[in-house]
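Below is one structure; the comments refer to it alone.
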Amino acid sequence: MHSSIRSGNWPSLACVLLAFGCGFNPAVDGPAAGNPSGTCPIPTEAQAIDTSRPDHVVGTGTPDSCTSDAVVGAVAAGGVITFNCGPDPVTITLSQTATVTNSSPRVVIDGGSKIALSGGGKIRILYLNTCDPAQNWPSSYCQNQTGPELTVQNITFVDGNTSGLDLNGGGAIFVSGGRLKVSGCRFFRNINYDGDWMGGGGAIRAIHQGGGQPVYVVTSTFGGQEGLGNRALTGGALSGVEVSFAVLNSLFTDNQAVAYPMVGAGGAIYSLHAPALSLCGVQMTDNSSTGTGGAIWFDGRTTKSVLSIDRSTLHSNHDIAPGAQYPGVTAMGTVVVQASTLQ
């Protein structure tokens, strides 16, 4: 299990378990973004975006200037967003969810590896829904429109929570329609416990994507060590319906699918009716489900799709229901495994 700590003043694991006590700063402390053993090439369209010329800068050089209102306003305005919160890492706790409007062709949020956005354990952090009339609903074909394009990169999402608030899921990020790309990000302790089988996604919930394009998740970490994992009914980290995930060089540890009285599905990833689900250079360790798919739950039967696992390692992922096609993997459909270790 990869559990390198960047901070020299980390006193004990107990601090992780006690709601980030003991001076833990989620903006910089904790596991680094990505699987250090992942070596898969990154397609051009999945690479990080140049943010050297931002449209909006949150903050004026001090931590106090980096407010929830500034973040929410910048996301609503759209364009390329960076941060100027001073020389030290900063966690910004949002008082309301930052919402992407359908009038924005693209939104890029780059934390410069020094910013964490927190839901404070009370709200979802980021929302995009092309079929939401409140966000300038454009047409009856809203779920298939290719924009807005949302990219989050070099930033940490922590303590997002949709429990009791929204049945759609996505503790940190919810996206329906448009496009989503995640690069160099970290997701800690985001949760979603409400809804039914159509809810889920402790960190990210994605439904549809414009033009049937995949959600790229690149060099990112979900949990990464005990006490930092994400939780949901289905897909402790990622949950998708009718959307492809292409996950590259990323790390999933300590994520859980937990559901009562039903059973959870997909400790790390849940994928239903997806055109495809592909993993390359991915490490999944110590994820779990109260039902099936300790690491992955995949149903590609109606779309005749393929779960591809390449140059990846899955081990010590746990579930309680029988029927796993591979250790930690419950799949209905075609599975292709190459140059990988599943145990």
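Naming works like this for the structure tokens: A, B, ... for the chains as they're shown, residue 1 at the start of each chain, ligands 1 onward in shown order.
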With only C-alpha atoms counted and 12 Å as the cut-off, give the residues of range 69-130 of chain A in contact with range 29-35 of chain A, each with its shortest interatomic distance in Å and the pair that gives it, as CSV.
residue,atom,partner,partner_atom,distance
A:Pro89,CA,A:Asp29,CA,9.3
A:Val90,CA,A:Asp29,CA,11.0
A:Thr91,CA,A:Asp29,CA,11.1
A:Ser113,CA,A:Ala33,CA,9.1
A:Lys114,CA,A:Asp29,CA,9.9
A:Ile115,CA,A:Asp29,CA,11.0
A:Ala116,CA,A:Asp29,CA,10.4
Store the residues picked out above in a file with N, CA and C atoms, as an mmCIF file, in the first residue's frame.
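For reference, selection-v7.cif as written:
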data_model
loop_
_atom_site.group_PDB
_atom_site.id
_atom_site.type_symbol
_atom_site.label_atom_id
_atom_site.label_comp_id
_atom_site.auth_asym_id
_atom_site.auth_seq_id
_atom_site.Cartn_x
_atom_site.Cartn_y
_atom_site.Cartn_z
ATOM 1 N N PRO A 89 0.212 26.151 1.501
ATOM 2 C CA PRO A 89 -0.996 25.417 1.098
ATOM 3 C C PRO A 89 -2.216 25.913 1.868
ATOM 4 N N VAL A 90 -3.361 25.938 1.188
ATOM 5 C CA VAL A 90 -4.576 26.485 1.776
ATOM 6 C C VAL A 90 -5.751 25.545 1.511
ATOM 7 N N THR A 91 -6.584 25.337 2.523
ATOM 8 C CA THR A 91 -7.846 24.620 2.366
ATOM 9 C C THR A 91 -8.984 25.635 2.413
ATOM 10 N N SER A 113 -1.339 22.365 -6.992
ATOM 11 C CA SER A 113 -0.888 21.403 -5.971
ATOM 12 C C SER A 113 -0.728 22.031 -4.584
ATOM 13 N N LYS A 114 -1.454 23.142 -4.342
ATOM 14 C CA LYS A 114 -1.397 23.790 -3.025
ATOM 15 C C LYS A 114 -2.774 24.090 -2.444
ATOM 16 N N ILE A 115 -3.835 23.725 -3.181
ATOM 17 C CA ILE A 115 -5.184 24.102 -2.765
ATOM 18 C C ILE A 115 -6.034 22.860 -2.546
ATOM 19 N N ALA A 116 -6.800 22.873 -1.456
ATOM 20 C CA ALA A 116 -7.838 21.880 -1.231
ATOM 21 C C ALA A 116 -9.179 22.593 -1.148
#
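Using only C-alpha atoms, the residues found no farther than 7 Å from Gln283 in chain A, other than those of its own chain fewer than 6 positions away, are Asn35, Ser250, Leu251, Phe252, Ser312, Thr313 and Leu314 of chain A.
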task: Could you give me, as an MDAnalysis selection string, each residue of range 6-250 of chain A that DSSP assigns to strand (DSSP E) when run on this structure's backbone?
output: chainID A and resid 56:58 79:83 90:93 98:100 106:110 115:118 126:129 149:153 156:158 173:176 179:183 186:188 191:192 204:207 215:218 221:223 231:232 238:241 245:248
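Considering the residues A:Thr292, A:Gln135, A:Ser52, A:Ser183 and counting only C-alpha atoms, Val217 in chain A has its shortest atom-to-atom contact with A:Ser183.
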Neighbour list for Lys122 in chain A as a PyMOL selection string, cut-off 8 Å, only C-alpha atoms, skip fewer than 4 positions in-chain: chain A and resi 159-162
Give me a file of those residues, with C-alpha atoms, as an mmCIF file, in the first residue's frame.
data_model
loop_
_atom_site.group_PDB
_atom_site.id
_atom_site.type_symbol
_atom_site.label_atom_id
_atom_site.label_comp_id
_atom_site.auth_asym_id
_atom_site.auth_seq_id
_atom_site.Cartn_x
_atom_site.Cartn_y
_atom_site.Cartn_z
ATOM 1 C CA ASP A 159 -15.059 16.174 2.968
ATOM 2 C CA GLY A 160 -17.666 16.553 0.238
ATOM 3 C CA ASN A 161 -20.977 15.082 1.373
ATOM 4 C CA THR A 162 -24.331 14.676 -0.388
#
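Of the residues listed (A:Gly73, A:Gly202, A:Gly184, A:Gly224), A:Gly184 shows the shortest atom-to-atom separation from Ile49 in chain A; distances use only C-alpha atoms.
Closest approach to Asn129 in chain A among A:Arg231, A:Arg53, A:His273, A:His208 is made by A:His208 (distances from only C-alpha atoms).
DSSP secondary structure from the backbone places Pro133, Ala134, Gln135, Cys142, Gln143, Asn144, Gly210, Gly211 and Gly212 of chain A of range 119-241 of chain A in helix (DSSP H, G or I).
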Next item on the list: Compile the contact shell of Phe222 in chain A as a ChimeraX atom specification: residues with an atom at most 8 Å away, counting only C-alpha atoms, same-chain residues fewer than 4 positions apart removed.
Entry: /A:186-188,203,229-230,237,251-253,255
Selected residues, all heavy atoms, written as a compact mmCIF listing (two decimals), in the first residue's frame, please.
# COMPACT_ATOMS: atom_id res chain seq x y z
N ARG A 186 -6.49 14.75 -5.87
CA ARG A 186 -6.61 13.85 -4.72
C ARG A 186 -8.01 14.01 -4.12
O ARG A 186 -8.54 15.13 -4.04
CB ARG A 186 -5.55 14.16 -3.68
CG ARG A 186 -4.13 14.14 -4.24
CD ARG A 186 -3.08 14.35 -3.18
NE ARG A 186 -3.30 15.57 -2.42
CZ ARG A 186 -2.79 15.82 -1.21
NH1 ARG A 186 -2.05 14.90 -0.61
NH2 ARG A 186 -3.02 16.96 -0.60
N PHE A 187 -8.58 12.88 -3.68
CA PHE A 187 -9.93 12.87 -3.12
C PHE A 187 -9.90 12.16 -1.79
O PHE A 187 -9.61 10.96 -1.72
CB PHE A 187 -10.89 12.16 -4.08
CG PHE A 187 -11.09 12.89 -5.39
CD1 PHE A 187 -10.18 12.73 -6.43
CD2 PHE A 187 -12.18 13.73 -5.58
CE1 PHE A 187 -10.35 13.40 -7.64
CE2 PHE A 187 -12.36 14.39 -6.78
CZ PHE A 187 -11.44 14.23 -7.82
N PHE A 188 -10.20 12.89 -0.71
CA PHE A 188 -10.15 12.36 0.64
C PHE A 188 -11.51 12.49 1.33
O PHE A 188 -12.09 13.58 1.37
CB PHE A 188 -9.13 13.10 1.51
CG PHE A 188 -7.70 13.04 1.03
CD1 PHE A 188 -6.83 14.09 1.28
CD2 PHE A 188 -7.22 11.95 0.32
CE1 PHE A 188 -5.50 14.05 0.86
CE2 PHE A 188 -5.91 11.89 -0.11
CZ PHE A 188 -5.04 12.94 0.16
N ALA A 203 -16.60 10.02 -4.34
CA ALA A 203 -15.82 11.14 -4.85
C ALA A 203 -16.48 11.75 -6.09
O ALA A 203 -16.75 12.95 -6.14
CB ALA A 203 -14.40 10.70 -5.17
N GLY A 229 -10.13 7.28 2.79
CA GLY A 229 -10.92 6.79 1.68
C GLY A 229 -12.27 7.46 1.55
O GLY A 229 -12.76 8.17 2.44
N ASN A 230 -12.90 7.22 0.39
CA ASN A 230 -14.21 7.77 0.07
C ASN A 230 -15.27 6.68 0.24
O ASN A 230 -14.97 5.49 0.12
CB ASN A 230 -14.20 8.31 -1.36
CG ASN A 230 -13.07 9.31 -1.58
OD1 ASN A 230 -13.20 10.48 -1.26
ND2 ASN A 230 -11.96 8.85 -2.14
N ALA A 237 -15.34 5.35 -4.78
CA ALA A 237 -14.61 6.47 -5.36
C ALA A 237 -15.32 7.00 -6.60
O ALA A 237 -15.70 8.17 -6.66
CB ALA A 237 -13.18 6.04 -5.71
N LEU A 251 -4.33 5.81 -8.10
CA LEU A 251 -4.27 5.01 -6.89
C LEU A 251 -5.61 5.04 -6.16
O LEU A 251 -6.18 6.11 -5.95
CB LEU A 251 -3.17 5.56 -5.98
CG LEU A 251 -3.00 4.94 -4.59
CD1 LEU A 251 -2.52 3.50 -4.71
CD2 LEU A 251 -2.01 5.77 -3.76
N PHE A 252 -6.11 3.84 -5.78
CA PHE A 252 -7.35 3.71 -5.04
C PHE A 252 -7.08 2.86 -3.80
O PHE A 252 -6.75 1.67 -3.92
CB PHE A 252 -8.42 3.02 -5.88
CG PHE A 252 -8.85 3.78 -7.11
CD1 PHE A 252 -8.05 3.80 -8.25
CD2 PHE A 252 -10.06 4.47 -7.14
CE1 PHE A 252 -8.45 4.48 -9.39
CE2 PHE A 252 -10.46 5.16 -8.27
CZ PHE A 252 -9.65 5.17 -9.40
N THR A 253 -7.23 3.43 -2.62
CA THR A 253 -7.02 2.71 -1.37
C THR A 253 -8.05 3.13 -0.34
O THR A 253 -8.32 4.32 -0.18
CB THR A 253 -5.60 2.99 -0.81
OG1 THR A 253 -4.63 2.62 -1.78
CG2 THR A 253 -5.35 2.20 0.47
N ASN A 255 -11.26 2.83 -0.12
CA ASN A 255 -12.59 3.27 -0.53
C ASN A 255 -13.60 2.15 -0.25
O ASN A 255 -13.26 0.97 -0.31
CB ASN A 255 -12.59 3.65 -2.00
CG ASN A 255 -11.57 4.73 -2.30
OD1 ASN A 255 -11.77 5.89 -1.96
ND2 ASN A 255 -10.46 4.35 -2.93
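For the choices A:Ser271, A:Val107, A:Val75, A:Asp69, the atom-to-atom distance to Ser95 in chain A is smallest for A:Asp69 when using only C-alpha atoms.
Between Gln153 in chain A and the candidates A:Tyr326, A:Phe174, A:Tyr216, A:Phe245, the tightest atom-to-atom separation, counting only C-alpha atoms, involves A:Tyr216.
The closest residue to Gln325 in chain A, picked from A:Asp88, A:Asp299, A:Asp110, A:Glu226 and counting only C-alpha atoms, is A:Asp299.
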